[in-house]
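*Asks:* Here's a structure for you.
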Amino acid sequence: MTSKKYDMVIINGRVIDPALGFGKEADVFIKDGKIVKIENRNPKTEKEIKTCSEDQIVDAKDKIVVPGLIDVHVHLREPGREDAETIASGCKAAAAGGFTSVCCMPNTMPRIDNQETVKFVQDRAKVADARVYVVGAITKNIEGKELSEIGDLVKMGCVAITDDGHYVQNPEIMRRALEYAKMFDIPVMQHAEDLNLCGGGVMNESFESTRLGLKGAPAAAEEVAVRRDITLTRMVGGRLHVQHVSCKGAVDAIREAKATGLNITAEACPHHLILTDEEIGKEFNTNLRVNPPLRTITDRQAVIEGLVDGTIDCIASDHAPHSEESKDCEFDLAPPGMIGLETTVGLIKTFMIDKGYLNWADAIRMMSYNPAKILNLPGGSLAEGSDADITIIDPDKKWTVKADRFRSKSKNSPFVGMKLNGQVYKTILGGRVVFEQ
Ligand code: DOR
Ligand code: ZN
């Protein structure tokens with residue numbers, strides 16, 4: 001029986017595709033891993049649906065059907081820290097979070113600063129439950145001293161470069177990175193925190209850090225870093241992407257730069273949109289330690305405003321798995337980072353959509369279409385003929401974040417125990433169901 005007209009039909013859902021500019025009730029027809037058509041119910045499709053067998057039909061009644069989500073900032077930890085995450089487990093977490101594509105950061109062991117390591121990741125990713133795009137290191141061994149062979153990395157398929165975890169402190173190196181990246185039309189993704197100003201701070205420098213007696217890293221460290229990079233981008237051109245924007249000064253700087261026509265993009269993470277440094281003193285939960293750190297209410301509000309007015313282009317999780325042992329220590333000794341792939345959709349629905357900052361179309365644009373555009377990736381739309389990467393979300397489903405439900409190998413989320421609204425129902429990768437609730 002090879003002449004099946006469709007492999008899968010998603011019926012009764014509300015299809016939201018910011019790229020195509022629609023949000024309407026429609027059916028999605030899939031064959032050979034591709035989207036064949038999206039149509040309102042009509043006599044012809046009514047008949048086609050009737051001839052489908054039960055296992056071909058996905059009923060998305062009361063659900064929204066959106067282009068597969070894309071996360072541009074994910075740490076998969078393989079090679080080197082497979083105790084915390086592997087490419088396989090990280091991609092399972094991605095699928096559970098509704099993400100069909102992830103961009104993995106190069107701060108693995110060894111670093112992804114050479115073709116061999118890129119190839120290793122790509123080979124492992126071939127059988128994973130999400131598409132993995134590799135972001136190569138800007139500098140050799142992420143030491144900030146000498147540029148990687150950027151041309152080789154791009155030839156191998158790297159979609160961007162970053163030294164994430166570390167700021168490229170030397171402006172001459174950053175200048176050259178922007179120049180090379182421009183030649184290859186890829187963005188330079190920057191973890192913008194001036195290392196000298198941070199001075200080993202473990203949380204935001206503020207009233208709270210003083211009160212708790214913890215060493216602070218000031219928001220100015222981020223603003224200074226962003227402003228320098230804007231200046232360099234203005235000089236050499238190229239594309240700068242600012243990672244995990246967390247403070248008002250950085251948002252203001254990016255807004256001003258965009259107004260002058262500079263080619264700059266930026267991302268924000270759910271934790272910076274939702275949490276502040278006031279959370280830390282409650283229990284000293286080491287899962288709240290993250291770089292850049294959780295900031296003040298004023299900063300949080302500025303990041304939200306930046307997202308709402310388009311200064312910030314996309315939402316990224318900065319999924320940063322760390323093992324339980326490594327986080328089981330004093331706050332200032334814990335490694336920075338929290339997982340995020342499996343909570344992003346619920347957090348954005350609960351704290352951004354339900355609170356009236358964004359609507360679903362905005363959120364999907366920031367988690368699918370814009371990420372695809374920034375990194376030149378396929379996907380981000382449900383256009384006919386494109387890969388059937390589709391996320392189905394139950395927008396009003398209430399659920400509680402539970403550590404033992406995470407597909408990620410690590411459980412370091414400060415959101416465990418939180419009640420959220422909005423849950424991923426099914427994730428479809430190239431026409432194959434890779435996750436179902
Ligand atoms: O909190 C963070 N954790 N920030 C980073 O930039 C790196 C990441 C990690 O690799 O754990
Ligand atoms: Zn970072």
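In the structure tokens, each chain is lettered A, B, ... as it comes, each chain's residues begin at 1, and ligands are numbered from 1 in order of appearance.
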Using only C-alpha atoms and all ligand atoms, find each residue with an atom at most 9 Å away from ligand 2 and format the answer as an MDAnalysis selection string.
*Replies:* chainID A and resid 73 105 162:167 190:193 243:244 290:292 318 337
*Asks:* Given the selection you just returned, output its residues as a file containing N, CA, C and O atoms, formatted as a PDB file, in the first residue's frame.
*Replies:*
```pdb
ATOM      1  N   HIS A  73      20.016  29.014  21.251  1.00  0.00           N
ATOM      2  CA  HIS A  73      21.032  29.028  22.319  1.00  0.00           C
ATOM      3  C   HIS A  73      20.857  27.832  23.260  1.00  0.00           C
ATOM      4  O   HIS A  73      20.133  27.898  24.250  1.00  0.00           O
ATOM      5  N   MET A 105      25.946  25.303  21.400  1.00  0.00           N
ATOM      6  CA  MET A 105      27.071  26.173  21.737  1.00  0.00           C
ATOM      7  C   MET A 105      28.369  25.369  21.768  1.00  0.00           C
ATOM      8  O   MET A 105      28.365  24.172  22.071  1.00  0.00           O
ATOM      9  N   THR A 162      30.531  31.872  18.170  1.00  0.00           N
ATOM     10  CA  THR A 162      30.391  32.472  19.500  1.00  0.00           C
ATOM     11  C   THR A 162      31.454  31.888  20.421  1.00  0.00           C
ATOM     12  O   THR A 162      31.908  30.759  20.201  1.00  0.00           O
ATOM     13  N   ASP A 163      31.834  32.641  21.432  1.00  0.00           N
ATOM     14  CA  ASP A 163      32.657  32.089  22.517  1.00  0.00           C
ATOM     15  C   ASP A 163      31.788  31.956  23.758  1.00  0.00           C
ATOM     16  O   ASP A 163      32.264  32.107  24.888  1.00  0.00           O
ATOM     17  N   ASP A 164      30.501  31.699  23.572  1.00  0.00           N
ATOM     18  CA  ASP A 164      29.523  31.772  24.672  1.00  0.00           C
ATOM     19  C   ASP A 164      30.061  31.229  25.993  1.00  0.00           C
ATOM     20  O   ASP A 164      30.702  30.187  26.053  1.00  0.00           O
ATOM     21  N   GLY A 165      29.730  31.958  27.030  1.00  0.00           N
ATOM     22  CA  GLY A 165      30.292  31.688  28.351  1.00  0.00           C
ATOM     23  C   GLY A 165      31.365  32.719  28.624  1.00  0.00           C
ATOM     24  O   GLY A 165      31.593  33.121  29.757  1.00  0.00           O
ATOM     25  N   HIS A 166      32.007  33.157  27.534  1.00  0.00           N
ATOM     26  CA  HIS A 166      33.073  34.155  27.649  1.00  0.00           C
ATOM     27  C   HIS A 166      32.861  35.264  26.637  1.00  0.00           C
ATOM     28  O   HIS A 166      32.509  35.011  25.496  1.00  0.00           O
ATOM     29  N   TYR A 167      33.121  36.465  27.075  1.00  0.00           N
ATOM     30  CA  TYR A 167      33.130  37.634  26.193  1.00  0.00           C
ATOM     31  C   TYR A 167      34.459  37.650  25.455  1.00  0.00           C
ATOM     32  O   TYR A 167      35.504  37.333  26.046  1.00  0.00           O
ATOM     33  N   GLN A 190      27.428  37.033  20.570  1.00  0.00           N
ATOM     34  CA  GLN A 190      28.331  37.437  21.654  1.00  0.00           C
ATOM     35  C   GLN A 190      27.689  37.293  23.035  1.00  0.00           C
ATOM     36  O   GLN A 190      26.565  37.734  23.255  1.00  0.00           O
ATOM     37  N   HIS A 191      28.424  36.648  23.929  1.00  0.00           N
ATOM     38  CA  HIS A 191      28.081  36.656  25.354  1.00  0.00           C
ATOM     39  C   HIS A 191      28.677  37.949  25.901  1.00  0.00           C
ATOM     40  O   HIS A 191      29.870  38.012  26.167  1.00  0.00           O
ATOM     41  N   ALA A 192      27.826  38.960  26.047  1.00  0.00           N
ATOM     42  CA  ALA A 192      28.323  40.304  26.328  1.00  0.00           C
ATOM     43  C   ALA A 192      28.424  40.581  27.819  1.00  0.00           C
ATOM     44  O   ALA A 192      27.484  41.045  28.454  1.00  0.00           O
ATOM     45  N   GLU A 193      29.572  40.286  28.385  1.00  0.00           N
ATOM     46  CA  GLU A 193      29.858  40.665  29.776  1.00  0.00           C
ATOM     47  C   GLU A 193      31.346  40.920  29.890  1.00  0.00           C
ATOM     48  O   GLU A 193      32.145  39.976  29.803  1.00  0.00           O
ATOM     49  N   GLN A 243      23.616  37.851  22.770  1.00  0.00           N
ATOM     50  CA  GLN A 243      22.983  36.736  23.467  1.00  0.00           C
ATOM     51  C   GLN A 243      22.405  37.197  24.812  1.00  0.00           C
ATOM     52  O   GLN A 243      22.853  38.173  25.400  1.00  0.00           O
ATOM     53  N   HIS A 244      21.449  36.452  25.260  1.00  0.00           N
ATOM     54  CA  HIS A 244      20.818  36.631  26.583  1.00  0.00           C
ATOM     55  C   HIS A 244      20.913  38.026  27.186  1.00  0.00           C
ATOM     56  O   HIS A 244      21.556  38.231  28.214  1.00  0.00           O
ATOM     57  N   VAL A 290      23.296  32.093  37.236  1.00  0.00           N
ATOM     58  CA  VAL A 290      23.329  32.051  35.782  1.00  0.00           C
ATOM     59  C   VAL A 290      24.116  33.263  35.289  1.00  0.00           C
ATOM     60  O   VAL A 290      24.197  34.273  35.991  1.00  0.00           O
ATOM     61  N   ASN A 291      24.723  33.127  34.130  1.00  0.00           N
ATOM     62  CA  ASN A 291      25.435  34.257  33.511  1.00  0.00           C
ATOM     63  C   ASN A 291      24.794  34.609  32.179  1.00  0.00           C
ATOM     64  O   ASN A 291      24.627  33.721  31.357  1.00  0.00           O
ATOM     65  N   PRO A 292      24.500  35.880  31.889  1.00  0.00           N
ATOM     66  CA  PRO A 292      24.507  36.974  32.850  1.00  0.00           C
ATOM     67  C   PRO A 292      23.497  36.725  33.960  1.00  0.00           C
ATOM     68  O   PRO A 292      22.537  35.989  33.778  1.00  0.00           O
ATOM     69  N   ASP A 318      18.857  29.366  26.459  1.00  0.00           N
ATOM     70  CA  ASP A 318      20.169  29.177  27.070  1.00  0.00           C
ATOM     71  C   ASP A 318      20.141  27.934  27.968  1.00  0.00           C
ATOM     72  O   ASP A 318      20.626  27.951  29.106  1.00  0.00           O
ATOM     73  N   GLY A 337      24.222  28.484  35.211  1.00  0.00           N
ATOM     74  CA  GLY A 337      23.399  27.906  34.151  1.00  0.00           C
ATOM     75  C   GLY A 337      22.194  27.164  34.693  1.00  0.00           C
ATOM     76  O   GLY A 337      22.209  26.640  35.808  1.00  0.00           O
TER      77      GLY A 337
END
```
*Asks:* How would you write, as JSON, numbers by chain, the set of residues in range 119-338 of chain A that DSSP gives as helix (DSSP H, G or I)?
*Replies:* {"A": [119, 120, 121, 122, 123, 124, 125, 140, 141, 142, 150, 151, 152, 153, 154, 155, 156, 171, 172, 173, 174, 175, 176, 177, 178, 179, 180, 181, 182, 183, 195, 196, 197, 198, 207, 208, 209, 210, 211, 212, 219, 220, 221, 222, 223, 224, 225, 226, 227, 228, 229, 230, 231, 232, 233, 234, 235, 236, 248, 249, 250, 251, 252, 253, 254, 255, 256, 257, 258, 259, 270, 271, 272, 273, 274, 277, 278, 279, 280, 281, 282, 283, 286, 287, 288, 297, 298, 299, 300, 301, 302, 303, 304, 305, 306, 307, 308, 324, 325, 326, 327, 331, 332, 333]}
*Asks:* Can you pull out every residue within 8 Å of Asn287 in chain A, counting only C-alpha atoms, but drop anything in the same chain fewer than 5 positions away, and send it as a VMD selection string?
*Replies:* chain A and resid 327 336 to 338 412 to 414
*Asks:* A:Asp152, A:Asp299, A:Asp129, A:Glu85: which is nearest ligand 1, counting only C-alpha atoms and all ligand atoms?
*Replies:*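 Of A:Asp152, A:Asp299, A:Asp129, A:Glu85, the one nearest ligand 1 is A:Glu85, counting only C-alpha atoms and all ligand atoms.
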*Asks:* Tell me which protein, DNA and RNA residues are within 9 Å of range 309-316 of chain A, counting only C-alpha atoms, leaving out same-chain ones fewer than 6 positions away, and put them as a PyMOL selection string.
*Replies:* chain A and resi 70-74+243-245+251-252+254-255+258+265-270+303+340-341+344+363+365-371+374
*Asks:* Restricting the calculation to only C-alpha atoms and all ligand atoms: of A:Val65, A:Leu375, A:Ile392, A:Leu76, which residue gets closest to ligand 1?
*Replies:*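 Once distances to ligand 1 are computed over only C-alpha atoms and all ligand atoms, the minimum belongs to A:Leu76.
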*Asks:* Residues of range 256-353 of chain A in strand (DSSP E) according to DSSP, as a list in words?
*Replies:*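 These are the residues in question: Ile264, Thr265, Ala266, Glu267, Ala268, Cys314 and Ile315 of chain A.
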*Asks:* Identify, on the basis of only C-alpha atoms, every residue whose closest approach to Lys34 in chain A does not exceed 8 Å; exclude the query and any residue fewer than 4 positions from it along the same chain; express the result as a ChimeraX atom specification.
*Replies:* /A:30,384-388,430-431
*Asks:* Using only C-alpha atoms, which of the listed residues (A:Ala383, A:Cys52, A:Arg289, A:Ser317) sits closest to Ala334 in chain A?
*Replies:*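 Closest to Ala334 in chain A of all the choices is A:Arg289.
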*Asks:* Would you kindly return, as a PyMOL selection string, each protein, DNA or RNA residue with an atom no farther than 12 Å from any atom of range 168-184 of chain A, considering only C-alpha atoms and excluding same-chain residues fewer than 5 positions away?
*Replies:* chain A and resi 136-140+142-155+157-163+189-198+221-222+224-241+263-264+375-376
*Asks:* Of the candidates A:Lys37, A:Lys397, A:His319, A:Arg111, which shows the shortest atom-to-atom distance to His75 in chain A, using only C-alpha atoms?
*Replies:*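 Smallest separation from His75 in chain A among the options: A:His319.
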*Asks:* One number please: CA of Val36 in chain A to CA of Ile390 in chain A, in Å, one decimal.
*Replies:*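 Atom-to-atom, CA of Val36 in chain A and CA of Ile390 in chain A are spaced 13.0 Å apart.
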*Asks:* Which is closer to Asp277 in chain A than all the others in A:Ile339, A:Leu294, A:Val416, A:Met156, using only C-alpha atoms?
*Replies:*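 Selected residue with least distance to Asp277 in chain A: A:Leu294.
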*Asks:* List the spatial neighbours of Pro293 in chain A as a short mmCIF file (atom, residue, chain, number, x, y, z; two decimals) with C-alpha atoms, in the first residue's frame - criterion: any atom at most 9 Å away, only C-alpha atoms, same-chain residues fewer than 5 positions off excluded.
*Replies:*
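The resulting part-v5.cif:
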```cif
data_model
loop_
_atom_site.label_atom_id
_atom_site.label_comp_id
_atom_site.auth_asym_id
_atom_site.auth_seq_id
_atom_site.Cartn_x
_atom_site.Cartn_y
_atom_site.Cartn_z
CA VAL A 202 28.36 35.44 41.18
CA MET A 203 25.15 37.48 41.03
CA ASN A 204 23.99 40.91 39.96
CA ALA A 217 28.81 41.56 38.65
CA ALA A 219 24.88 45.42 34.76
CA SER A 246 19.52 40.91 30.77
CA HIS A 272 15.57 37.15 32.60
CA THR A 276 14.99 38.91 39.51
CA ASP A 277 17.93 38.91 41.90
CA LEU A 288 19.33 30.62 40.11
CA PRO A 336 26.31 29.11 36.25
#
```
*Asks:* From the options A:Arg405, A:His271, A:Lys24, A:Lys248, which residue's atoms come nearest to ligand 1, counting only C-alpha atoms and all ligand atoms?
*Replies:*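 Nearest candidate to ligand 1 out of A:Arg405, A:His271, A:Lys24, A:Lys248: A:His271.
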